[in-house]
Amino acid sequence: MTAEKASELETERYISGFMLELGIPAHLRGYYYLREAVLLSVSDMELVGSVTKLLYPVVARRNRTTLQRVERAIRNAIEVSWERGNPEVFEELFGFSRLTGSARPTNSEYIARLADRIRMDEGE
């Protein structure tokens, strides 16, 4: 295995762990789409600026589905994590949680914040 491939796998594991901490169940299809979207965004933050035009189509192509299905599955995974996840983790990552009465983060906010956090943690 190349060093680059090993590094990508390590990042993927880290993202998975973080998503589980946020309360995203691994049995949801959106879990896998979201993990892939975050992984792509970690390596190219410009993708976060245009999730519907750039990011979702790439994830959809790789998974042989439509960008609408990718968007909906990711939204569902985020909704589930928002309702069932650990509010303290949301407070730490986003600065708010459902307990503060805030609305859940949008798909692009969620992806951007996770990707940014992963980039920061990897830079340490």
# chains A, B, ... in the order shown; residues from 1 in each chain; ligands from 1
call {"tool": "residues_around", "arguments": {"residues": "Phe90 (chain A)", "least_positions_apart": "2", "cutoff": "12 Å", "atoms": "only C-alpha atoms", "output": "PDB file with N, CA, C and O atoms, in the first residue's frame"}}
result
ATOM      1  N   PHE A  18     -15.393  10.271  14.005  1.00  0.00           N
ATOM      2  CA  PHE A  18     -16.011  11.563  14.323  1.00  0.00           C
ATOM      3  C   PHE A  18     -17.509  11.526  14.040  1.00  0.00           C
ATOM      4  O   PHE A  18     -18.317  12.025  14.821  1.00  0.00           O
ATOM      5  N   MET A  19     -17.881  10.917  12.913  1.00  0.00           N
ATOM      6  CA  MET A  19     -19.303  10.837  12.546  1.00  0.00           C
ATOM      7  C   MET A  19     -20.070   9.979  13.547  1.00  0.00           C
ATOM      8  O   MET A  19     -21.208  10.311  13.899  1.00  0.00           O
ATOM      9  N   GLU A  21     -19.281   9.690  16.694  1.00  0.00           N
ATOM     10  CA  GLU A  21     -19.398  10.556  17.880  1.00  0.00           C
ATOM     11  C   GLU A  21     -20.557  11.531  17.739  1.00  0.00           C
ATOM     12  O   GLU A  21     -21.228  11.865  18.710  1.00  0.00           O
ATOM     13  N   LEU A  22     -20.779  11.983  16.510  1.00  0.00           N
ATOM     14  CA  LEU A  22     -21.885  12.915  16.247  1.00  0.00           C
ATOM     15  C   LEU A  22     -23.235  12.208  16.209  1.00  0.00           C
ATOM     16  O   LEU A  22     -24.271  12.853  16.114  1.00  0.00           O
ATOM     17  N   GLY A  23     -23.217  10.887  16.257  1.00  0.00           N
ATOM     18  CA  GLY A  23     -24.456  10.142  16.332  1.00  0.00           C
ATOM     19  C   GLY A  23     -25.043   9.725  14.997  1.00  0.00           C
ATOM     20  O   GLY A  23     -26.238   9.454  14.898  1.00  0.00           O
ATOM     21  N   ILE A  78     -27.867  13.725   8.728  1.00  0.00           N
ATOM     22  CA  ILE A  78     -27.626  14.889   9.590  1.00  0.00           C
ATOM     23  C   ILE A  78     -28.797  15.102  10.538  1.00  0.00           C
ATOM     24  O   ILE A  78     -28.606  15.378  11.727  1.00  0.00           O
ATOM     25  N   SER A  81     -28.569  12.524  13.304  1.00  0.00           N
ATOM     26  CA  SER A  81     -27.504  12.846  14.254  1.00  0.00           C
ATOM     27  C   SER A  81     -27.885  14.046  15.120  1.00  0.00           C
ATOM     28  O   SER A  81     -27.570  14.090  16.305  1.00  0.00           O
ATOM     29  N   TRP A  82     -28.584  15.006  14.542  1.00  0.00           N
ATOM     30  CA  TRP A  82     -29.001  16.195  15.274  1.00  0.00           C
ATOM     31  C   TRP A  82     -29.973  15.819  16.396  1.00  0.00           C
ATOM     32  O   TRP A  82     -29.870  16.331  17.505  1.00  0.00           O
ATOM     33  N   GLU A  83     -30.888  14.905  16.092  1.00  0.00           N
ATOM     34  CA  GLU A  83     -31.888  14.498  17.077  1.00  0.00           C
ATOM     35  C   GLU A  83     -31.322  13.532  18.119  1.00  0.00           C
ATOM     36  O   GLU A  83     -31.664  13.624  19.286  1.00  0.00           O
ATOM     37  N   ARG A  84     -30.491  12.602  17.700  1.00  0.00           N
ATOM     38  CA  ARG A  84     -30.035  11.526  18.590  1.00  0.00           C
ATOM     39  C   ARG A  84     -28.607  11.670  19.077  1.00  0.00           C
ATOM     40  O   ARG A  84     -28.187  10.983  20.003  1.00  0.00           O
ATOM     41  N   GLY A  85     -27.847  12.537  18.417  1.00  0.00           N
ATOM     42  CA  GLY A  85     -26.420  12.651  18.732  1.00  0.00           C
ATOM     43  C   GLY A  85     -26.136  13.346  20.048  1.00  0.00           C
ATOM     44  O   GLY A  85     -27.034  13.868  20.712  1.00  0.00           O
ATOM     45  N   ASN A  86     -24.888  13.367  20.406  1.00  0.00           N
ATOM     46  CA  ASN A  86     -24.429  13.965  21.654  1.00  0.00           C
ATOM     47  C   ASN A  86     -24.371  15.493  21.516  1.00  0.00           C
ATOM     48  O   ASN A  86     -23.537  16.017  20.774  1.00  0.00           O
ATOM     49  N   PRO A  87     -25.238  16.217  22.251  1.00  0.00           N
ATOM     50  CA  PRO A  87     -25.257  17.688  22.141  1.00  0.00           C
ATOM     51  C   PRO A  87     -23.918  18.328  22.493  1.00  0.00           C
ATOM     52  O   PRO A  87     -23.563  19.358  21.924  1.00  0.00           O
ATOM     53  N   GLU A  88     -23.162  17.712  23.404  1.00  0.00           N
ATOM     54  CA  GLU A  88     -21.865  18.280  23.787  1.00  0.00           C
ATOM     55  C   GLU A  88     -20.883  18.276  22.621  1.00  0.00           C
ATOM     56  O   GLU A  88     -20.102  19.212  22.448  1.00  0.00           O
ATOM     57  N   GLU A  92     -19.246  21.615  20.886  1.00  0.00           N
ATOM     58  CA  GLU A  92     -17.807  21.751  20.695  1.00  0.00           C
ATOM     59  C   GLU A  92     -17.450  22.002  19.234  1.00  0.00           C
ATOM     60  O   GLU A  92     -16.604  22.823  18.923  1.00  0.00           O
ATOM     61  N   LEU A  93     -18.148  21.311  18.321  1.00  0.00           N
ATOM     62  CA  LEU A  93     -17.817  21.416  16.895  1.00  0.00           C
ATOM     63  C   LEU A  93     -18.449  22.630  16.228  1.00  0.00           C
ATOM     64  O   LEU A  93     -17.805  23.337  15.469  1.00  0.00           O
ATOM     65  N   PHE A  94     -19.736  22.873  16.513  1.00  0.00           N
ATOM     66  CA  PHE A  94     -20.477  23.933  15.820  1.00  0.00           C
ATOM     67  C   PHE A  94     -20.703  25.187  16.670  1.00  0.00           C
ATOM     68  O   PHE A  94     -21.047  26.231  16.143  1.00  0.00           O
ATOM     69  N   GLY A  95     -20.591  25.040  17.989  1.00  0.00           N
ATOM     70  CA  GLY A  95     -20.870  26.171  18.869  1.00  0.00           C
ATOM     71  C   GLY A  95     -22.329  26.246  19.261  1.00  0.00           C
ATOM     72  O   GLY A  95     -22.758  27.183  19.929  1.00  0.00           O
ATOM     73  N   PHE A  96     -23.123  25.274  18.846  1.00  0.00           N
ATOM     74  CA  PHE A  96     -24.538  25.215  19.215  1.00  0.00           C
ATOM     75  C   PHE A  96     -25.022  23.781  19.087  1.00  0.00           C
ATOM     76  O   PHE A  96     -24.335  22.940  18.505  1.00  0.00           O
ATOM     77  N   SER A  97     -26.198  23.521  19.659  1.00  0.00           N
ATOM     78  CA  SER A  97     -26.797  22.182  19.558  1.00  0.00           C
ATOM     79  C   SER A  97     -28.309  22.332  19.626  1.00  0.00           C
ATOM     80  O   SER A  97     -28.828  23.431  19.805  1.00  0.00           O
ATOM     81  N   ARG A  98     -29.017  21.230  19.519  1.00  0.00           N
ATOM     82  CA  ARG A  98     -30.475  21.287  19.606  1.00  0.00           C
ATOM     83  C   ARG A  98     -30.913  21.783  20.984  1.00  0.00           C
ATOM     84  O   ARG A  98     -31.978  22.352  21.120  1.00  0.00           O
ATOM     85  N   LEU A  99     -30.078  21.576  22.017  1.00  0.00           N
ATOM     86  CA  LEU A  99     -30.422  22.013  23.369  1.00  0.00           C
ATOM     87  C   LEU A  99     -30.415  23.531  23.502  1.00  0.00           C
ATOM     88  O   LEU A  99     -31.059  24.071  24.394  1.00  0.00           O
ATOM     89  N   THR A 100     -29.696  24.227  22.629  1.00  0.00           N
ATOM     90  CA  THR A 100     -29.678  25.695  22.671  1.00  0.00           C
ATOM     91  C   THR A 100     -30.833  26.266  21.851  1.00  0.00           C
ATOM     92  O   THR A 100     -30.966  27.483  21.747  1.00  0.00           O
ATOM     93  N   SER A 102     -31.194  25.929  18.659  1.00  0.00           N
ATOM     94  CA  SER A 102     -30.730  26.285  17.315  1.00  0.00           C
ATOM     95  C   SER A 102     -31.281  25.308  16.286  1.00  0.00           C
ATOM     96  O   SER A 102     -31.569  24.155  16.586  1.00  0.00           O
ATOM     97  N   ALA A 103     -31.403  25.799  15.059  1.00  0.00           N
ATOM     98  CA  ALA A 103     -31.778  24.927  13.949  1.00  0.00           C
ATOM     99  C   ALA A 103     -30.568  24.072  13.600  1.00  0.00           C
ATOM    100  O   ALA A 103     -29.428  24.479  13.811  1.00  0.00           O
ATOM    101  N   ARG A 104     -30.821  22.882  13.059  1.00  0.00           N
ATOM    102  CA  ARG A 104     -29.703  22.010  12.703  1.00  0.00           C
ATOM    103  C   ARG A 104     -28.882  22.663  11.587  1.00  0.00           C
ATOM    104  O   ARG A 104     -29.409  23.440  10.795  1.00  0.00           O
ATOM    105  N   PRO A 105     -27.594  22.328  11.520  1.00  0.00           N
ATOM    106  CA  PRO A 105     -26.770  22.885  10.449  1.00  0.00           C
ATOM    107  C   PRO A 105     -27.222  22.358   9.083  1.00  0.00           C
ATOM    108  O   PRO A 105     -27.748  21.247   8.985  1.00  0.00           O
ATOM    109  N   TYR A 110     -22.481  21.487   7.683  1.00  0.00           N
ATOM    110  CA  TYR A 110     -22.047  20.265   8.357  1.00  0.00           C
ATOM    111  C   TYR A 110     -20.788  19.709   7.690  1.00  0.00           C
ATOM    112  O   TYR A 110     -19.797  19.413   8.361  1.00  0.00           O
ATOM    113  N   ARG A 113     -17.764  22.174   8.160  1.00  0.00           N
ATOM    114  CA  ARG A 113     -17.218  22.193   9.525  1.00  0.00           C
ATOM    115  C   ARG A 113     -16.446  20.915   9.832  1.00  0.00           C
ATOM    116  O   ARG A 113     -15.377  20.953  10.430  1.00  0.00           O
ATOM    117  N   LEU A 114     -17.014  19.778   9.410  1.00  0.00           N
ATOM    118  CA  LEU A 114     -16.317  18.504   9.626  1.00  0.00           C
ATOM    119  C   LEU A 114     -14.993  18.474   8.861  1.00  0.00           C
ATOM    120  O   LEU A 114     -13.960  18.088   9.417  1.00  0.00           O
TER     121      LEU A 114
END
call {"tool": "residues_around", "arguments": {"residues": "Leu54 (chain A)", "least_positions_apart": "5", "cutoff": "12 Å", "atoms": "only C-alpha atoms", "output": "list in words"}}
result
Ala37, Leu40, Ser41, Asp44, Met45, Glu46, Leu47, Val48, Gly49, Val59, Ala60, Arg61, Leu67 and Ser108 of chain A
call {"tool": "closest_residue", "arguments": {"among": "A:Glu8, A:Asp116, A:Glu109, A:Glu91", "to": "Ser50 (chain A)", "atoms": "only C-alpha atoms"}}
result
A:Glu109
call {"tool": "atom_distance", "arguments": {"atom1": "CA of Ile118 (chain A)", "atom2": "CA of Tyr14 (chain A)"}}
result
7.9 Å
call {"tool": "atom_distance", "arguments": {"atom1": "CA of Gly123 (chain A)", "atom2": "CA of Thr2 (chain A)"}}
result
20.2 Å
call {"tool": "select_by_dssp", "arguments": {"residues": "chain A", "states": "helix (DSSP H, G or I)", "output": "JSON, numbers by chain"}}
result
{"A": [3, 4, 5, 6, 7, 8, 9, 10, 11, 12, 13, 14, 15, 16, 17, 18, 19, 20, 21, 29, 30, 31, 32, 33, 34, 35, 36, 37, 38, 39, 40, 41, 42, 43, 45, 46, 47, 48, 49, 50, 51, 52, 53, 54, 55, 56, 57, 58, 59, 60, 61, 62, 67, 68, 69, 70, 71, 72, 73, 74, 75, 76, 77, 78, 79, 80, 81, 82, 83, 84, 87, 88, 89, 90, 91, 92, 93, 94, 98, 99, 100, 107, 108, 109, 110, 111, 112, 113, 114, 115, 116, 117, 118, 119, 120, 121, 122, 123]}
call {"tool": "residues_around", "arguments": {"residues": "Pro25 (chain A)", "least_positions_apart": "4", "cutoff": "8 Å", "atoms": "only C-alpha atoms", "output": "number ranges by chain"}}
result
A: 20, 31, 77, 81
